Amino acid sequence: MYPSIATVCLSGTLQEKIAAIAAAGFKHVEIFENDLLSFDGSIKEAATLISDHGLNVVTLQPFRDFEGLQGKHRQLAFDRARLKFDQMNELGTDLLMVCSSTHPHALGGISRLANDFHELGELAKQRGMRVAYEALAWGTHINDYRDSWEIVRQADHESVGVVLDTFHIFSRGTDLSPIRNIPGDRIFLVQTADAPSLSMDHLSWSRHYRCFPGQGELTIGAFMDVLACTGYQGALSHEIFNDIFRRSDPLQT
């Protein structure tokens, strides 16, 4: 495994974030879409900024509200995916992180969603890309990594893998043991975040109170123990949403 960090962890412009990440010694970075949208330049210029600091882009994220749609909504979701693959090509990354849907028109059903991801996998493969599926703790139909893994398993596509995020797993008190049974090469991304033990809705807890591993009360060590059993060799990437860090100097963070 190798260390990575998401730009969402830090305050400032994309330029300031990239400079701070490189200064901290990281070689890999997740690019949060909002940082691209607010960047005063093209995606090609953002890619040059990142590479000039010696960084490799692990993934572009998040791609929201994709699965479980029908008709025009489904077509629009695939059109958005094609646009994201274009952006990824310019950015120099092959991995799109897809988080589970909260779309008001999305339908559930493991088989239905697996079919959506198989089709997305085919589209990704044509472009030399991959997609990684994350179960958000507040996802409408999928909020448990065991379900996101079952969708990936049934999708049965080489370009489709699962994301394991410590916050989403621990915040719902989900059993860690089944992680041992996921083949390491089907895990496309691991995101780490700690948090204090709070009693509140998952979304607010996630958006405001995450912290770096060791700063909170989640048993990150237990997660790492079961992850080691999978043989996973990819990025171990911090993804921290925290109001204090959003107001702090990025170099200090």
# chains A, B, ... in the order shown; residues from 1 in each chain; ligands from 1
$ residues_around --residues "Pro178 (chain A)" --least-positions-apart "5" --cutoff "12 Å" --atoms "only C-alpha atoms" --output "ChimeraX atom specification"
/A:144-147,149-150,164,169,183,223,226-227,229-230
$ residues_around --residues "region 36-45 of chain A" --least-positions-apart "5" --cutoff "10 Å" --atoms "only C-alpha atoms" --output "number ranges by chain"
A: 13-15, 31, 50-51, 60, 87-92
$ write_last_selection --atoms "all heavy atoms" --output "CSV table (one decimal), in the first residue's frame"
chain,number,residue,atom,x,y,z
A,13,THR,N,-6.8,27.4,-2.3
A,13,THR,CA,-7.0,27.1,-3.7
A,13,THR,C,-6.3,25.8,-4.0
A,13,THR,O,-5.6,25.2,-3.3
A,13,THR,CB,-6.3,28.2,-4.5
A,13,THR,OG1,-4.9,28.2,-4.3
A,13,THR,CG2,-6.8,29.6,-4.1
A,14,LEU,N,-6.6,25.3,-5.2
A,14,LEU,CA,-6.0,24.1,-5.7
A,14,LEU,C,-4.4,24.3,-5.7
A,14,LEU,O,-3.7,23.3,-5.3
A,14,LEU,CB,-6.5,23.7,-7.1
A,14,LEU,CG,-5.9,22.4,-7.6
A,14,LEU,CD1,-6.3,21.2,-6.8
A,14,LEU,CD2,-6.4,22.2,-9.1
A,15,GLN,N,-4.0,25.4,-6.1
A,15,GLN,CA,-2.5,25.6,-6.1
A,15,GLN,C,-1.9,25.5,-4.7
A,15,GLN,O,-0.9,24.9,-4.5
A,15,GLN,CB,-2.2,27.0,-6.6
A,15,GLN,CG,-2.5,27.2,-8.1
A,15,GLN,CD,-3.9,27.8,-8.4
A,15,GLN,OE1,-4.8,27.6,-7.6
A,15,GLN,NE2,-4.0,28.7,-9.4
A,31,ILE,N,-8.2,14.0,-6.4
A,31,ILE,CA,-8.7,15.3,-6.7
A,31,ILE,C,-10.2,15.4,-6.5
A,31,ILE,O,-11.0,14.6,-7.1
A,31,ILE,CB,-8.4,15.7,-8.2
A,31,ILE,CG1,-6.8,15.7,-8.4
A,31,ILE,CG2,-8.9,17.0,-8.6
A,31,ILE,CD1,-6.1,16.7,-7.5
A,50,ILE,N,-0.2,19.7,-11.0
A,50,ILE,CA,-0.1,18.5,-10.1
A,50,ILE,C,1.2,17.8,-10.5
A,50,ILE,O,2.0,17.4,-9.6
A,50,ILE,CB,-1.3,17.6,-10.3
A,50,ILE,CG1,-2.6,18.3,-9.8
A,50,ILE,CG2,-1.1,16.3,-9.6
A,50,ILE,CD1,-3.9,17.7,-10.3
A,51,SER,N,1.4,17.6,-11.8
A,51,SER,CA,2.6,16.8,-12.2
A,51,SER,C,3.9,17.6,-11.9
A,51,SER,O,4.9,17.0,-11.5
A,51,SER,CB,2.6,16.4,-13.6
A,51,SER,OG,2.6,17.6,-14.5
A,60,LEU,N,-10.3,10.8,-9.5
A,60,LEU,CA,-11.2,12.0,-9.6
A,60,LEU,C,-12.5,11.6,-8.8
A,60,LEU,O,-13.1,10.5,-9.1
A,60,LEU,CB,-11.5,12.4,-11.0
A,60,LEU,CG,-12.6,13.5,-11.2
A,60,LEU,CD1,-12.0,14.8,-10.6
A,60,LEU,CD2,-12.9,13.7,-12.7
A,87,GLN,N,-12.6,14.2,-18.7
A,87,GLN,CA,-11.8,15.0,-17.7
A,87,GLN,C,-10.7,14.2,-17.1
A,87,GLN,O,-9.6,14.7,-16.9
A,87,GLN,CB,-12.8,15.5,-16.6
A,87,GLN,CG,-13.8,16.5,-17.1
A,87,GLN,CD,-14.8,16.9,-16.0
A,87,GLN,OE1,-15.0,16.1,-15.1
A,87,GLN,NE2,-15.5,18.0,-16.1
A,88,MET,N,-10.9,13.0,-16.8
A,88,MET,CA,-9.9,12.1,-16.2
A,88,MET,C,-8.8,11.9,-17.2
A,88,MET,O,-7.6,11.9,-16.8
A,88,MET,CB,-10.5,10.7,-15.9
A,88,MET,CG,-11.5,10.8,-14.7
A,88,MET,SD,-12.5,9.4,-14.6
A,88,MET,CE,-11.4,8.0,-14.5
A,89,ASN,N,-9.1,11.8,-18.5
A,89,ASN,CA,-8.0,11.6,-19.5
A,89,ASN,C,-7.1,12.8,-19.5
A,89,ASN,O,-5.9,12.7,-19.6
A,89,ASN,CB,-8.7,11.5,-20.9
A,89,ASN,CG,-7.7,11.2,-21.9
A,89,ASN,OD1,-6.9,10.2,-21.9
A,89,ASN,ND2,-7.6,12.0,-23.0
A,90,GLU,N,-7.7,14.0,-19.4
A,90,GLU,CA,-6.9,15.3,-19.3
A,90,GLU,C,-6.1,15.3,-18.0
A,90,GLU,O,-5.0,15.8,-18.0
A,90,GLU,CB,-7.8,16.5,-19.5
A,90,GLU,CG,-8.4,16.7,-20.8
A,90,GLU,CD,-9.1,18.0,-21.0
A,90,GLU,OE1,-10.3,18.1,-20.6
A,90,GLU,OE2,-8.5,19.0,-21.5
A,91,LEU,N,-6.7,14.9,-16.9
A,91,LEU,CA,-6.1,15.0,-15.6
A,91,LEU,C,-5.0,13.9,-15.4
A,91,LEU,O,-4.1,14.1,-14.5
A,91,LEU,CB,-7.2,14.8,-14.6
A,91,LEU,CG,-7.0,15.3,-13.1
A,91,LEU,CD1,-6.6,16.8,-13.1
A,91,LEU,CD2,-8.2,15.0,-12.3
A,92,GLY,N,-5.1,12.8,-16.2
A,92,GLY,CA,-4.0,11.8,-16.1
A,92,GLY,C,-4.3,10.8,-15.1
A,92,GLY,O,-3.4,10.2,-14.4
$ select_by_dssp --residues "region 69-179 of chain A" --states "alpha helix (DSSP H)" --output "PyMOL selection string"
chain A and resi 71-91+110-126+145-155+166-171
$ closest_residue --among "A:Arg82, A:Arg74, A:His157, A:Arg130" --to "Leu107 (chain A)" --atoms "only C-alpha atoms"
A:Arg74
$ closest_residue --among "A:Ser197, A:Ser237, A:Gln252, A:Asn115" --to "Ala155 (chain A)" --atoms "only C-alpha atoms"
A:Asn115
$ atom_distance --atom1 "CA of Pro250 (chain A)" --atom2 "CA of Ala235 (chain A)"
21.5 Å
$ residues_around --residues "Phe241 (chain A)" --least-positions-apart "3" --cutoff "12 Å" --atoms "only C-alpha atoms" --output "VMD selection string"
chain A and resid 5 to 11 32 167 192 to 195 203 to 212 238 244 to 247
$ write_last_selection --atoms "N, CA and C atoms" --output "PDB file, in the first residue's frame"
ATOM      1  N   ILE A   5      -3.611  11.409  -0.258  1.00  0.00           N
ATOM      2  CA  ILE A   5      -4.478  12.341   0.469  1.00  0.00           C
ATOM      3  C   ILE A   5      -5.390  13.036  -0.519  1.00  0.00           C
ATOM      4  N   ALA A   6      -6.607  13.339  -0.095  1.00  0.00           N
ATOM      5  CA  ALA A   6      -7.580  14.028  -0.939  1.00  0.00           C
ATOM      6  C   ALA A   6      -7.468  15.536  -0.755  1.00  0.00           C
ATOM      7  N   THR A   7      -7.641  16.270  -1.842  1.00  0.00           N
ATOM      8  CA  THR A   7      -7.543  17.734  -1.760  1.00  0.00           C
ATOM      9  C   THR A   7      -8.606  18.315  -0.835  1.00  0.00           C
ATOM     10  N   VAL A   8      -9.703  17.594  -0.621  1.00  0.00           N
ATOM     11  CA  VAL A   8     -10.783  18.096   0.239  1.00  0.00           C
ATOM     12  C   VAL A   8     -10.337  18.211   1.697  1.00  0.00           C
ATOM     13  N   CYS A   9      -9.222  17.591   2.047  1.00  0.00           N
ATOM     14  CA  CYS A   9      -8.726  17.658   3.428  1.00  0.00           C
ATOM     15  C   CYS A   9      -8.237  19.047   3.817  1.00  0.00           C
ATOM     16  N   LEU A  10      -7.916  19.870   2.826  1.00  0.00           N
ATOM     17  CA  LEU A  10      -7.203  21.122   3.081  1.00  0.00           C
ATOM     18  C   LEU A  10      -8.004  22.344   2.670  1.00  0.00           C
ATOM     19  N   SER A  11      -7.645  23.475   3.229  1.00  0.00           N
ATOM     20  CA  SER A  11      -8.216  24.759   2.832  1.00  0.00           C
ATOM     21  C   SER A  11      -7.414  25.331   1.664  1.00  0.00           C
ATOM     22  N   PHE A  32     -10.637  16.272  -5.645  1.00  0.00           N
ATOM     23  CA  PHE A  32     -12.054  16.488  -5.383  1.00  0.00           C
ATOM     24  C   PHE A  32     -12.599  17.415  -6.466  1.00  0.00           C
ATOM     25  N   PHE A 167     -14.668   5.757   7.556  1.00  0.00           N
ATOM     26  CA  PHE A 167     -15.735   6.505   8.223  1.00  0.00           C
ATOM     27  C   PHE A 167     -17.090   5.885   7.935  1.00  0.00           C
ATOM     28  N   THR A 192      -9.237   6.603   4.332  1.00  0.00           N
ATOM     29  CA  THR A 192      -9.154   6.566   5.785  1.00  0.00           C
ATOM     30  C   THR A 192      -9.581   7.892   6.398  1.00  0.00           C
ATOM     31  N   ALA A 193     -10.352   7.795   7.448  1.00  0.00           N
ATOM     32  CA  ALA A 193     -10.727   8.947   8.268  1.00  0.00           C
ATOM     33  C   ALA A 193     -11.105   8.435   9.643  1.00  0.00           C
ATOM     34  N   ASP A 194     -10.698   9.153  10.649  1.00  0.00           N
ATOM     35  CA  ASP A 194     -11.097   8.892  12.026  1.00  0.00           C
ATOM     36  C   ASP A 194     -12.212   9.881  12.362  1.00  0.00           C
ATOM     37  N   ALA A 195     -12.768   9.765  13.544  1.00  0.00           N
ATOM     38  CA  ALA A 195     -13.809  10.705  13.985  1.00  0.00           C
ATOM     39  C   ALA A 195     -14.052  10.509  15.468  1.00  0.00           C
ATOM     40  N   LEU A 203     -24.618  12.234   7.746  1.00  0.00           N
ATOM     41  CA  LEU A 203     -24.129  13.251   6.819  1.00  0.00           C
ATOM     42  C   LEU A 203     -23.423  14.384   7.559  1.00  0.00           C
ATOM     43  N   SER A 204     -24.052  14.921   8.595  1.00  0.00           N
ATOM     44  CA  SER A 204     -23.441  16.027   9.345  1.00  0.00           C
ATOM     45  C   SER A 204     -22.168  15.578  10.048  1.00  0.00           C
ATOM     46  N   TRP A 205     -22.209  14.391  10.616  1.00  0.00           N
ATOM     47  CA  TRP A 205     -21.028  13.821  11.279  1.00  0.00           C
ATOM     48  C   TRP A 205     -19.865  13.718  10.298  1.00  0.00           C
ATOM     49  N   SER A 206     -20.169  13.237   9.103  1.00  0.00           N
ATOM     50  CA  SER A 206     -19.137  13.062   8.080  1.00  0.00           C
ATOM     51  C   SER A 206     -18.591  14.379   7.564  1.00  0.00           C
ATOM     52  N   ARG A 207     -19.459  15.325   7.317  1.00  0.00           N
ATOM     53  CA  ARG A 207     -19.061  16.571   6.657  1.00  0.00           C
ATOM     54  C   ARG A 207     -18.279  17.522   7.561  1.00  0.00           C
ATOM     55  N   HIS A 208     -18.421  17.376   8.883  1.00  0.00           N
ATOM     56  CA  HIS A 208     -17.861  18.391   9.774  1.00  0.00           C
ATOM     57  C   HIS A 208     -16.868  17.871  10.815  1.00  0.00           C
ATOM     58  N   TYR A 209     -16.863  16.573  11.103  1.00  0.00           N
ATOM     59  CA  TYR A 209     -16.127  16.111  12.279  1.00  0.00           C
ATOM     60  C   TYR A 209     -15.100  15.016  11.998  1.00  0.00           C
ATOM     61  N   ARG A 210     -14.818  14.726  10.754  1.00  0.00           N
ATOM     62  CA  ARG A 210     -13.774  13.738  10.493  1.00  0.00           C
ATOM     63  C   ARG A 210     -12.420  14.293  10.942  1.00  0.00           C
ATOM     64  N   CYS A 211     -11.500  13.387  11.211  1.00  0.00           N
ATOM     65  CA  CYS A 211     -10.140  13.798  11.558  1.00  0.00           C
ATOM     66  C   CYS A 211      -9.181  12.720  11.068  1.00  0.00           C
ATOM     67  N   PHE A 212      -7.886  12.991  11.205  1.00  0.00           N
ATOM     68  CA  PHE A 212      -6.896  12.038  10.722  1.00  0.00           C
ATOM     69  C   PHE A 212      -6.816  10.829  11.655  1.00  0.00           C
ATOM     70  N   HIS A 238      -6.103   9.444   2.800  1.00  0.00           N
ATOM     71  CA  HIS A 238      -6.864  10.233   3.762  1.00  0.00           C
ATOM     72  C   HIS A 238      -7.950  11.030   3.043  1.00  0.00           C
ATOM     73  N   ILE A 244     -12.431  22.716  11.072  1.00  0.00           N
ATOM     74  CA  ILE A 244     -11.202  23.364  11.537  1.00  0.00           C
ATOM     75  C   ILE A 244     -10.148  23.345  10.445  1.00  0.00           C
ATOM     76  N   PHE A 245      -9.987  22.206   9.782  1.00  0.00           N
ATOM     77  CA  PHE A 245      -9.004  22.118   8.698  1.00  0.00           C
ATOM     78  C   PHE A 245      -9.376  23.034   7.540  1.00  0.00           C
ATOM     79  N   ARG A 246     -10.682  23.235   7.310  1.00  0.00           N
ATOM     80  CA  ARG A 246     -11.106  24.128   6.227  1.00  0.00           C
ATOM     81  C   ARG A 246     -10.748  25.582   6.509  1.00  0.00           C
ATOM     82  N   ARG A 247     -10.502  25.898   7.774  1.00  0.00           N
ATOM     83  CA  ARG A 247     -10.130  27.269   8.144  1.00  0.00           C
ATOM     84  C   ARG A 247      -8.648  27.410   8.449  1.00  0.00           C
TER      85      ARG A 247
END
$ residues_around --residues "Ser148 (chain A)" --least-positions-apart "6" --cutoff "8 Å" --atoms "only C-alpha atoms" --output "ChimeraX atom specification"
/A:133-135,142,162
$ write_last_selection --atoms "all heavy atoms" --output "PDB file, in the first residue's frame"
ATOM      1  N   TYR A 133     -16.688   1.821  -6.561  1.00  0.00           N
ATOM      2  CA  TYR A 133     -18.003   2.087  -5.972  1.00  0.00           C
ATOM      3  C   TYR A 133     -17.923   2.132  -4.451  1.00  0.00           C
ATOM      4  O   TYR A 133     -17.456   1.192  -3.813  1.00  0.00           O
ATOM      5  CB  TYR A 133     -18.966   1.005  -6.421  1.00  0.00           C
ATOM      6  CG  TYR A 133     -20.410   1.207  -6.022  1.00  0.00           C
ATOM      7  CD1 TYR A 133     -21.003   2.469  -6.029  1.00  0.00           C
ATOM      8  CD2 TYR A 133     -21.204   0.122  -5.658  1.00  0.00           C
ATOM      9  CE1 TYR A 133     -22.322   2.649  -5.682  1.00  0.00           C
ATOM     10  CE2 TYR A 133     -22.538   0.283  -5.317  1.00  0.00           C
ATOM     11  CZ  TYR A 133     -23.092   1.547  -5.324  1.00  0.00           C
ATOM     12  OH  TYR A 133     -24.411   1.712  -4.975  1.00  0.00           O
ATOM     13  N   GLU A 134     -18.406   3.241  -3.886  1.00  0.00           N
ATOM     14  CA  GLU A 134     -18.378   3.461  -2.445  1.00  0.00           C
ATOM     15  C   GLU A 134     -19.794   3.512  -1.879  1.00  0.00           C
ATOM     16  O   GLU A 134     -20.667   4.198  -2.421  1.00  0.00           O
ATOM     17  CB  GLU A 134     -17.674   4.783  -2.135  1.00  0.00           C
ATOM     18  CG  GLU A 134     -17.692   5.174  -0.674  1.00  0.00           C
ATOM     19  CD  GLU A 134     -17.099   6.550  -0.440  1.00  0.00           C
ATOM     20  OE1 GLU A 134     -17.641   7.545  -0.960  1.00  0.00           O
ATOM     21  OE2 GLU A 134     -16.074   6.622   0.255  1.00  0.00           O
ATOM     22  N   ALA A 135     -20.008   2.818  -0.769  1.00  0.00           N
ATOM     23  CA  ALA A 135     -21.288   2.878  -0.060  1.00  0.00           C
ATOM     24  C   ALA A 135     -21.259   4.043   0.931  1.00  0.00           C
ATOM     25  O   ALA A 135     -20.566   3.982   1.947  1.00  0.00           O
ATOM     26  CB  ALA A 135     -21.543   1.566   0.677  1.00  0.00           C
ATOM     27  N   ILE A 142     -28.034   1.959  -0.884  1.00  0.00           N
ATOM     28  CA  ILE A 142     -26.766   1.290  -0.573  1.00  0.00           C
ATOM     29  C   ILE A 142     -25.993   2.135   0.426  1.00  0.00           C
ATOM     30  O   ILE A 142     -25.520   3.225   0.093  1.00  0.00           O
ATOM     31  CB  ILE A 142     -25.918   1.067  -1.854  1.00  0.00           C
ATOM     32  CG1 ILE A 142     -26.711   0.269  -2.891  1.00  0.00           C
ATOM     33  CG2 ILE A 142     -24.606   0.371  -1.499  1.00  0.00           C
ATOM     34  CD1 ILE A 142     -27.137  -1.119  -2.446  1.00  0.00           C
ATOM     35  N   VAL A 162     -14.480  -1.997  -5.732  1.00  0.00           N
ATOM     36  CA  VAL A 162     -15.144  -1.420  -4.573  1.00  0.00           C
ATOM     37  C   VAL A 162     -14.216  -0.438  -3.857  1.00  0.00           C
ATOM     38  O   VAL A 162     -12.989  -0.543  -3.945  1.00  0.00           O
ATOM     39  CB  VAL A 162     -15.603  -2.550  -3.609  1.00  0.00           C
ATOM     40  CG1 VAL A 162     -14.415  -3.192  -2.896  1.00  0.00           C
ATOM     41  CG2 VAL A 162     -16.631  -2.060  -2.609  1.00  0.00           C
TER      42      VAL A 162
END
$ select_by_dssp --residues "region 50-227 of chain A" --states "strand (DSSP E or B)" --output "PyMOL selection string"
chain A and resi 56-63+95-99+130-134+160-165+187-192+194+211
$ residues_around --residues "Ala24 (chain A)" --least-positions-apart "4" --cutoff "12 Å" --atoms "only C-alpha atoms" --output "PyMOL selection string"
chain A and resi 3-5+17-20+28-29+53-55+250-253
$ atom_distance --atom1 "CA of Ala81 (chain A)" --atom2 "CA of Leu96 (chain A)"
8.9 Å
$ atom_distance --atom1 "CA of Ile240 (chain A)" --atom2 "CA of Ile110 (chain A)"
29.1 Å
